[in-house]
Amino acid sequence: MAAHLKKRVYEEFSKVVQIPHEEAPAKKLRLSKPSKSAALHIDLCKAASATDALQYLLEFARKPVEAESVEGVIRILLEHYYKETDNSVRLRIASLLGLLSKTNGFSPDCVVDDVINTLGNEKSHQVLAQLMDSLLVIGGQLPESPAVRRRLVQVACKLLSDTNFGVRNKCLQLLGFLGTVETPLTKDGEGPSSSLGPKHPTVHPTEHPTVHKTEHPTEHPTVHKTEAALKAMLQLHERGMKIHQIIYEQACRLLSDDYEQVRSAAVQMVWVLSQLYPESIVPIPSSNEEIRLVDDAFGKISHMVSDGSWMVRVQAAKTLGSMLQVSPHFLEQTLDKKLMSDLRRKRTAHERAKELFASGEFSSGRKWADDAPKEKLDTNTVNLIASGACGAFVHGLEDEMFEVRIAAVEALCQLARSSPSFAEKCLDFLVDMFNDEIEEVRLQSIHVLREISTHITLREDQLDTVLAVLEDSSRDIREALHELLCYTNVSTKECIQLALLELLKNLNKYPTDRNSVWKCLKFLGSRHPTLVLPLVPELLSTHPYFDTPEPDMDDPAYIAVLVLVFNAAKSCPTMPALFSDHTFRHYAYLRDSLSHLVPPLRLPGRKQVYSLDSVDSGCGSGSVESAKLFLQQSLNRVSTIQNLETPGAQDLLNFTIRDLQRLGELQTELAGAADFCATFLRCQLLLMKALQEKLWNMAVPLCPKQNVTATAAAQQILEETYKLEFLYSGLESRQVATIHHVRLQAKTLQLVLTARTRPGLDLPIGSCEKFLQEIESFQRMFLTELPHLQDSFVDKLLEIMPRLLSCKPLELVKILQTTLRQSGLLQLRLPEQIHRATATIIEPTGESDNPLRFTSGLVVALDIDATLEHVQDPQDKVKVQVLYPDGQSHVIHPKPADFRKPGPTRHRLITQVYLSHTAWTEPSQVEVRLLLAYSSSSSSPSSSNKSGWSDSIDGLPPAEAAVEGTIPFSKPVKVFIMPKPARR
């Protein structure tokens, strides 16, 4: 009874009522940063001396300043500027004014007046020059403030009369950088004149103070002032202001200035005027004749090739190459050292006597010097062309500085490309440069001769000089010469025989040049079929009556001869009649093994059917257009996949992927686009298989195999998307957005699968936050492409984004699972021009059975020679991977100097890989392949006040680190190696 009573008492009086407690909103802390200006003010007030103040300013310059604090800091600096008496401290403050004006997000228009006011009382020329430099920086930061720029120009004009050259130089720089002609300035720079500039402004000496200062260079005889004035005028010209022709005479006088900086600027000014007024007529000094301005300027700049400063000589030689409007007789005179007067060669005494004898007039001897020339010539003045212009390029090619020689070679190339006659005349000079002692000069000469090869034909003596370079130890030189021979015309069959002999010597001395030599002989034979024809019996060692022994097909020299002959036979139908029976067998073998070097031939009386014949004959523009149409139709057919059941949709994707892969094999022009589309459809197929009904309607323990398959599919989709993004070039923004959309689907699938394998569908909060960050990053990166992604997976996620941010992880996973399974196939837009990055390893070939033997523990060098196609920035992305039989893998990053660029989309990798391992009992194969490194990271989302699962954060966490990886993009090559034990 007592127990029952006790229970009733507890029931009646111990009732607990829970009152819902409203959680107080979390207090948000606002972190206030200390004021930069206050800290700087305190430091400067603590400075006991100028040295301490300089130390504080130097320390302050190393720290970043926020844009909102810049104005306050500048005010503090200006306040201390007026108080400071030491010039060095004021100089440092003046430099900080310009440095702070460059801060991103800060507009310096609010401090322009304060900085200009400091110029009034400043007595130090160094500080004044530094203030002008800061004003120049401020003007550059305000391109859309013409009023501020005009005021800065007026200030510069007033200070042009300063006695210090440093101040004048800064003023001239400011005028050149900020000066305009909308309000032309008067001569004294007092202010704008009443007249406005013309529609096409022209810088005239009477209108612009810069030109006015250069009009009288002896007014203040300083080199810095004249140089700065010329550079300011050139800068005005670059900004669209036309320089007046009247200053041409003054610029020509400055070519003989005592200072090389002035002469260098004068060369550029003369060139600018020659391009502006090429057909203007200028008088010739000490003569009544006239000449075109471009011809006169060409002669004067040619004279500067013999200048005392090598920098001026380099600039003069480079400038000559761009003067394409010069008359041919002036151009050809640069290759002849004979001095000309009135464009007539000075006759020798013998020639004058011969002329007198032919005319019947003889000297009587009674009158002194009656046979002297009638005209008197001053040796110091040559009328039509300066003496330095005679043989200007000859002097440049023989200069002691290799920079001048390179500049002269490049100038010859530019002039020769526009004049075939000049190309023939300068051929001997360029060939002579092949013997230069500097490798860079030799290489540049070869490249130049390659560019003008369409205008020239080499004689036998010239070819002999060219082929001597094949003995060079530099691989770059030899391969450049092989490239030259591919596009060069020769005159006789002896030249072909000489070239073949030297190339075979090169092949014997440097076996690694095998592919380059074969390629060279391929083009040499196809360009000269009629010259190769009489050499065929000698080259193939055939005899009309006796059988000759069959050569060895493993001999690279014999293959080189066959490549030359077969390529010549393509354009010479009578040549196959000279072949032996074994030559036809060798042709069939080489046609299969080296199809890129041996062309298809129609041999008489033989059934030769090759699959590549139809491909070569059908690779016209029509076949490419039909292939593009087929590719587009395939993508359109796949877009109807939403109306099919799952088995039929998967079959359609499989068939389309197979067709696209075959299309890429047949049409090399569309290989990149076809492979890209096939890879994208493969990702969609994997996603479709992973989202089958059977997997998602059963519990996880009942279908473990399906879960493993789906997890592997999600990982494979991620890898394929990285290949799509980084292995292909020429992608548009829409294609990149589509790739990121598929990647987001794969990450969603991974998140859902991870939740399914955990008890109670429990996920850590960090994973959910990270996924939401991915969605916001996608929206921020592809905001312009979102209209093209309507009704897609990411479009649905963005619609319910507020709900995703407020729900719990369990509900989030269910929403993502439903949305992912309801998402359809995103249609891919056909790329306009897309290429796949490829790599082909030439060396090592992997065909040799002889192992590389080396002592265990030491290293052996393995030469790597590979060709890269459509790879951007290979110096940073391409790596070499070595995979040993025991599973060890080494990744080597080649040096930047190991990469060459023979073409616009092609690179060449020539490097060495060092292998090392412990002792083995048998030789084993080591795999070598090339990898393409990539780094992918999403931009950090902007901080927001959206609520998440945790009350301790105000927004989403920062972006994750970059995803880095490598993609194999070359076939692996297997090399036999055998480390042997060291002898004891």
# chains A, B, ... in the order shown; residues from 1 in each chain; ligands from 1
$ residues_around --residues "Phe655 in chain A" --least-positions-apart "5" --cutoff "12 Å" --atoms "only C-alpha atoms" --output "NGL selection string"
:A and (634-635 or 637-638 or 648-650 or 660-662 or 678 or 681-682 or 685)
$ write_last_selection --atoms "N, CA, C and O atoms" --output "short mmCIF file (atom, residue, chain, number, x, y, z; two decimals), in the first residue's frame"
data_model
loop_
_atom_site.label_atom_id
_atom_site.label_comp_id
_atom_site.auth_asym_id
_atom_site.auth_seq_id
_atom_site.Cartn_x
_atom_site.Cartn_y
_atom_site.Cartn_z
N SER A 634 25.73 12.09 -85.49
CA SER A 634 25.87 11.16 -84.37
C SER A 634 25.50 11.83 -83.06
O SER A 634 24.81 11.23 -82.21
N LEU A 635 25.94 13.08 -82.87
CA LEU A 635 25.59 13.79 -81.64
C LEU A 635 24.09 14.09 -81.59
O LEU A 635 23.47 14.02 -80.51
N ARG A 637 21.77 12.26 -82.93
CA ARG A 637 21.09 10.99 -82.67
C ARG A 637 21.13 10.63 -81.18
O ARG A 637 20.18 10.10 -80.62
N VAL A 638 22.25 10.94 -80.55
CA VAL A 638 22.38 10.64 -79.13
C VAL A 638 21.46 11.53 -78.29
O VAL A 638 21.01 11.14 -77.21
N GLY A 648 18.15 0.00 -74.52
CA GLY A 648 18.31 0.60 -75.84
C GLY A 648 19.19 1.83 -75.83
O GLY A 648 19.97 2.06 -76.76
N ALA A 649 19.09 2.62 -74.76
CA ALA A 649 19.93 3.80 -74.66
C ALA A 649 21.40 3.43 -74.53
O ALA A 649 22.28 4.04 -75.15
N GLN A 650 21.68 2.39 -73.75
CA GLN A 650 23.08 1.95 -73.61
C GLN A 650 23.62 1.38 -74.92
O GLN A 650 24.78 1.61 -75.27
N LEU A 660 32.47 6.80 -83.57
CA LEU A 660 33.33 7.97 -83.41
C LEU A 660 34.80 7.57 -83.32
O LEU A 660 35.68 8.27 -83.85
N GLN A 661 35.09 6.47 -82.66
CA GLN A 661 36.47 6.01 -82.59
C GLN A 661 36.99 5.64 -83.97
O GLN A 661 38.14 5.94 -84.32
N ARG A 662 36.17 4.99 -84.77
CA ARG A 662 36.59 4.62 -86.12
C ARG A 662 36.75 5.86 -87.00
O ARG A 662 37.66 5.94 -87.83
N ALA A 678 33.68 10.98 -78.18
CA ALA A 678 33.59 9.58 -77.73
C ALA A 678 33.87 9.47 -76.24
O ALA A 678 33.20 8.72 -75.52
N LEU A 681 30.80 10.77 -74.32
CA LEU A 681 29.70 9.80 -74.32
C LEU A 681 30.03 8.59 -73.45
O LEU A 681 29.11 7.99 -72.86
N ARG A 682 31.30 8.24 -73.34
CA ARG A 682 31.68 7.14 -72.46
C ARG A 682 31.39 7.48 -71.00
O ARG A 682 30.96 6.63 -70.22
N LEU A 685 27.76 7.03 -70.51
CA LEU A 685 27.41 5.61 -70.44
C LEU A 685 27.74 5.04 -69.07
O LEU A 685 26.95 4.27 -68.49
#
$ residues_around --residues "Leu97 in chain A" --least-positions-apart "4" --cutoff "9 Å" --atoms "only C-alpha atoms" --output "PyMOL selection string"
chain A and resi 74+77-78+92-93+101+115+131+134-135+138
$ write_last_selection --atoms "all heavy atoms" --output "CSV table (one decimal), in the first residue's frame"
chain,number,residue,atom,x,y,z
A,74,ILE,N,48.6,58.1,-47.4
A,74,ILE,CA,49.2,59.2,-48.2
A,74,ILE,C,49.1,60.6,-47.5
A,74,ILE,O,50.0,61.4,-47.5
A,74,ILE,CB,48.5,59.2,-49.6
A,74,ILE,CG1,48.9,58.0,-50.4
A,74,ILE,CG2,48.9,60.5,-50.3
A,74,ILE,CD1,48.2,57.9,-51.8
A,77,LEU,N,51.8,60.7,-44.9
A,77,LEU,CA,53.1,60.9,-45.6
A,77,LEU,C,53.3,62.3,-46.0
A,77,LEU,O,54.4,62.9,-45.8
A,77,LEU,CB,53.2,59.9,-46.8
A,77,LEU,CG,53.4,58.4,-46.5
A,77,LEU,CD1,53.3,57.6,-47.8
A,77,LEU,CD2,54.7,58.2,-45.8
A,78,LEU,N,52.2,62.9,-46.6
A,78,LEU,CA,52.3,64.3,-47.0
A,78,LEU,C,52.5,65.2,-45.8
A,78,LEU,O,53.2,66.2,-45.9
A,78,LEU,CB,51.1,64.7,-47.8
A,78,LEU,CG,51.0,64.0,-49.2
A,78,LEU,CD1,49.6,64.4,-49.8
A,78,LEU,CD2,52.1,64.5,-50.1
A,92,ARG,N,62.3,59.5,-50.2
A,92,ARG,CA,61.7,58.2,-49.9
A,92,ARG,C,60.1,58.3,-49.9
A,92,ARG,O,59.4,57.5,-50.3
A,92,ARG,CB,62.2,57.6,-48.6
A,92,ARG,CG,61.7,56.1,-48.4
A,92,ARG,CD,62.1,55.2,-49.5
A,92,ARG,NE,61.5,53.9,-49.4
A,92,ARG,CZ,61.6,53.0,-50.3
A,92,ARG,NH1,62.2,53.3,-51.5
A,92,ARG,NH2,61.0,51.8,-50.2
A,93,ILE,N,59.7,59.4,-49.2
A,93,ILE,CA,58.2,59.7,-49.2
A,93,ILE,C,57.7,59.9,-50.6
A,93,ILE,O,56.6,59.4,-50.9
A,93,ILE,CB,58.0,60.9,-48.3
A,93,ILE,CG1,58.3,60.5,-46.8
A,93,ILE,CG2,56.5,61.3,-48.4
A,93,ILE,CD1,58.1,61.7,-45.9
A,101,SER,N,50.0,54.5,-55.0
A,101,SER,CA,49.0,54.8,-56.1
A,101,SER,C,48.7,53.6,-56.9
A,101,SER,O,47.7,53.6,-57.6
A,101,SER,CB,49.5,56.0,-56.9
A,101,SER,OG,49.7,57.2,-56.2
A,115,VAL,N,49.6,66.1,-54.1
A,115,VAL,CA,50.9,65.8,-54.6
A,115,VAL,C,51.4,66.9,-55.5
A,115,VAL,O,52.6,67.2,-55.5
A,115,VAL,CB,50.9,64.4,-55.4
A,115,VAL,CG1,52.2,64.1,-56.0
A,115,VAL,CG2,50.4,63.3,-54.5
A,131,LEU,N,59.1,63.2,-57.5
A,131,LEU,CA,57.7,63.6,-57.4
A,131,LEU,C,57.0,63.6,-58.8
A,131,LEU,O,55.9,63.1,-59.0
A,131,LEU,CB,57.6,65.0,-56.9
A,131,LEU,CG,57.8,65.1,-55.3
A,131,LEU,CD1,57.8,66.6,-54.9
A,131,LEU,CD2,56.7,64.4,-54.6
A,134,SER,N,56.2,60.0,-59.6
A,134,SER,CA,55.0,59.6,-58.9
A,134,SER,C,53.8,60.2,-59.6
A,134,SER,O,52.8,59.5,-59.7
A,134,SER,CB,55.0,60.1,-57.4
A,134,SER,OG,56.1,59.5,-56.7
A,135,LEU,N,53.9,61.4,-60.1
A,135,LEU,CA,52.7,61.9,-60.9
A,135,LEU,C,52.5,61.2,-62.2
A,135,LEU,O,51.4,61.0,-62.6
A,135,LEU,CB,53.0,63.4,-61.2
A,135,LEU,CG,52.9,64.4,-60.0
A,135,LEU,CD1,53.3,65.8,-60.4
A,135,LEU,CD2,51.4,64.4,-59.4
A,138,ILE,N,50.6,58.2,-61.1
A,138,ILE,CA,49.2,58.5,-60.9
A,138,ILE,C,48.4,58.8,-62.2
A,138,ILE,O,47.3,58.4,-62.3
A,138,ILE,CB,49.2,59.8,-60.0
A,138,ILE,CG1,49.7,59.5,-58.6
A,138,ILE,CG2,47.8,60.4,-59.9
A,138,ILE,CD1,49.8,60.7,-57.7
$ closest_residue --among "A:Pro972, A:Pro874, A:Pro885, A:Pro537" --to "Ala897 in chain A" --atoms "only C-alpha atoms"
A:Pro874
$ atom_distance --atom1 "CA of Ser639 in chain A" --atom2 "CA of Lys723 in chain A"
22.7 Å
$ closest_residue --among "A:Tyr914, A:Cys768, A:Asn104, A:His907" --to "Glu68 in chain A" --atoms "only C-alpha atoms"
A:Asn104
$ residues_around --residues "Cys252 in chain A" --least-positions-apart "5" --cutoff "12 Å" --atoms "only C-alpha atoms" --output "JSON, numbers by chain"
{"A": [215, 245, 246, 247, 257, 262, 263, 264, 265, 266, 267, 268, 269, 270, 271, 273, 274, 293, 296, 297, 298, 299, 300, 301, 303, 304]}
$ select_by_dssp --residues "range 498-648 of chain A" --states "helix (DSSP H, G or I)" --output "short mmCIF file (atom, residue, chain, number, x, y, z; two decimals) with C-alpha atoms, in the first residue's frame"
data_model
loop_
_atom_site.label_atom_id
_atom_site.label_comp_id
_atom_site.auth_asym_id
_atom_site.auth_seq_id
_atom_site.Cartn_x
_atom_site.Cartn_y
_atom_site.Cartn_z
CA LEU A 498 76.65 14.89 -103.00
CA ALA A 499 73.76 15.48 -100.59
CA LEU A 500 73.03 11.74 -100.34
CA LEU A 501 76.68 10.92 -99.70
CA GLU A 502 76.98 13.51 -96.91
CA LEU A 503 73.71 12.46 -95.33
CA LEU A 504 74.84 8.82 -95.26
CA LYS A 505 78.08 9.94 -93.57
CA ASN A 506 75.98 11.82 -91.06
CA LEU A 507 73.88 8.71 -90.47
CA ASN A 508 76.99 6.63 -89.89
CA LYS A 509 78.55 9.14 -87.48
CA PRO A 511 72.93 7.05 -85.65
CA THR A 512 70.42 9.00 -83.54
CA ASP A 513 69.74 11.24 -86.57
CA ARG A 514 68.15 8.33 -88.41
CA ASN A 515 64.57 9.60 -88.52
CA SER A 516 65.64 13.13 -89.38
CA VAL A 517 67.84 11.93 -92.26
CA TRP A 518 65.11 9.69 -93.65
CA LYS A 519 62.62 12.54 -93.54
CA CYS A 520 65.12 14.82 -95.29
CA LEU A 521 65.65 12.30 -98.11
CA LYS A 522 61.90 11.86 -98.48
CA PHE A 523 61.42 15.53 -99.37
CA LEU A 524 64.65 15.67 -101.36
CA GLY A 525 63.44 12.86 -103.61
CA SER A 526 59.92 14.21 -104.05
CA ARG A 527 61.26 17.68 -105.03
CA PRO A 529 62.46 13.31 -109.35
CA THR A 530 64.15 14.11 -112.68
CA LEU A 531 67.54 14.50 -111.01
CA VAL A 532 67.21 11.23 -109.09
CA LEU A 533 66.19 9.22 -112.18
CA PRO A 534 69.67 8.98 -113.81
CA LEU A 535 71.15 7.96 -110.45
CA VAL A 536 68.82 5.02 -109.79
CA PRO A 537 71.04 2.23 -111.29
CA GLU A 538 73.99 3.47 -109.27
CA LEU A 539 71.99 3.95 -106.09
CA LEU A 540 70.33 0.52 -106.22
CA PRO A 556 69.63 2.26 -92.16
CA ALA A 557 71.74 3.56 -95.05
CA TYR A 558 70.00 1.25 -97.54
CA ILE A 559 66.60 2.30 -96.17
CA ALA A 560 67.65 5.94 -96.66
CA VAL A 561 68.47 5.26 -100.33
CA LEU A 562 65.13 3.50 -100.86
CA VAL A 563 63.23 6.38 -99.26
CA LEU A 564 64.91 8.79 -101.69
CA VAL A 565 64.18 6.60 -104.72
CA PHE A 566 60.58 5.68 -103.86
CA ASN A 567 59.57 9.29 -103.22
CA ALA A 568 61.13 10.33 -106.53
CA ALA A 569 59.30 7.46 -108.29
CA MET A 575 61.53 4.87 -112.68
CA PRO A 576 59.95 1.54 -111.49
CA ALA A 577 61.19 -0.09 -114.68
CA LEU A 578 64.72 0.20 -113.27
CA ASP A 581 62.70 -7.92 -108.03
CA HIS A 582 63.95 -7.56 -104.49
CA THR A 583 63.36 -3.80 -104.70
CA PHE A 584 59.63 -4.45 -105.14
CA ARG A 585 59.65 -6.75 -102.10
CA HIS A 586 61.50 -4.13 -100.11
CA TYR A 587 58.95 -1.55 -101.20
CA ALA A 588 56.11 -3.69 -99.87
CA TYR A 589 57.94 -4.12 -96.57
CA LEU A 590 58.73 -0.42 -96.15
CA ARG A 591 55.22 0.59 -97.22
CA ASP A 592 53.87 -1.35 -94.24
CA SER A 593 56.58 -0.51 -91.69
CA SER A 611 44.35 0.30 -97.57
CA LEU A 612 46.05 3.65 -97.26
CA ASP A 613 45.67 4.37 -100.99
CA SER A 614 41.98 4.94 -100.69
CA VAL A 615 42.49 6.99 -97.57
CA ASP A 616 45.09 9.20 -99.23
CA SER A 617 42.96 9.67 -102.31
CA SER A 621 37.79 18.72 -98.57
CA GLY A 622 34.62 16.84 -99.52
CA SER A 623 35.44 13.85 -97.32
CA VAL A 624 36.24 16.13 -94.39
CA GLU A 625 32.91 17.91 -94.77
CA SER A 626 31.05 14.61 -94.94
CA ALA A 627 32.92 13.40 -91.86
CA LYS A 628 31.92 16.58 -89.99
CA LEU A 629 28.31 16.00 -91.03
CA PHE A 630 28.48 12.40 -89.79
CA LEU A 631 29.90 13.58 -86.47
CA GLN A 632 27.11 16.14 -86.04
CA GLN A 633 24.46 13.57 -86.95
CA SER A 634 25.87 11.16 -84.37
CA LEU A 635 25.59 13.79 -81.64
CA ASN A 636 22.05 14.67 -82.73
CA ARG A 637 21.09 10.99 -82.67
CA VAL A 638 22.38 10.64 -79.13
CA SER A 639 20.30 13.65 -78.02
CA THR A 640 17.14 11.51 -78.50
CA ILE A 641 18.31 9.06 -75.86
CA GLN A 642 15.76 10.39 -73.34
CA ASN A 643 12.95 8.69 -75.26
CA THR A 646 17.73 1.86 -70.48
CA PRO A 647 18.97 -1.16 -72.54
CA GLY A 648 18.31 0.60 -75.84
#
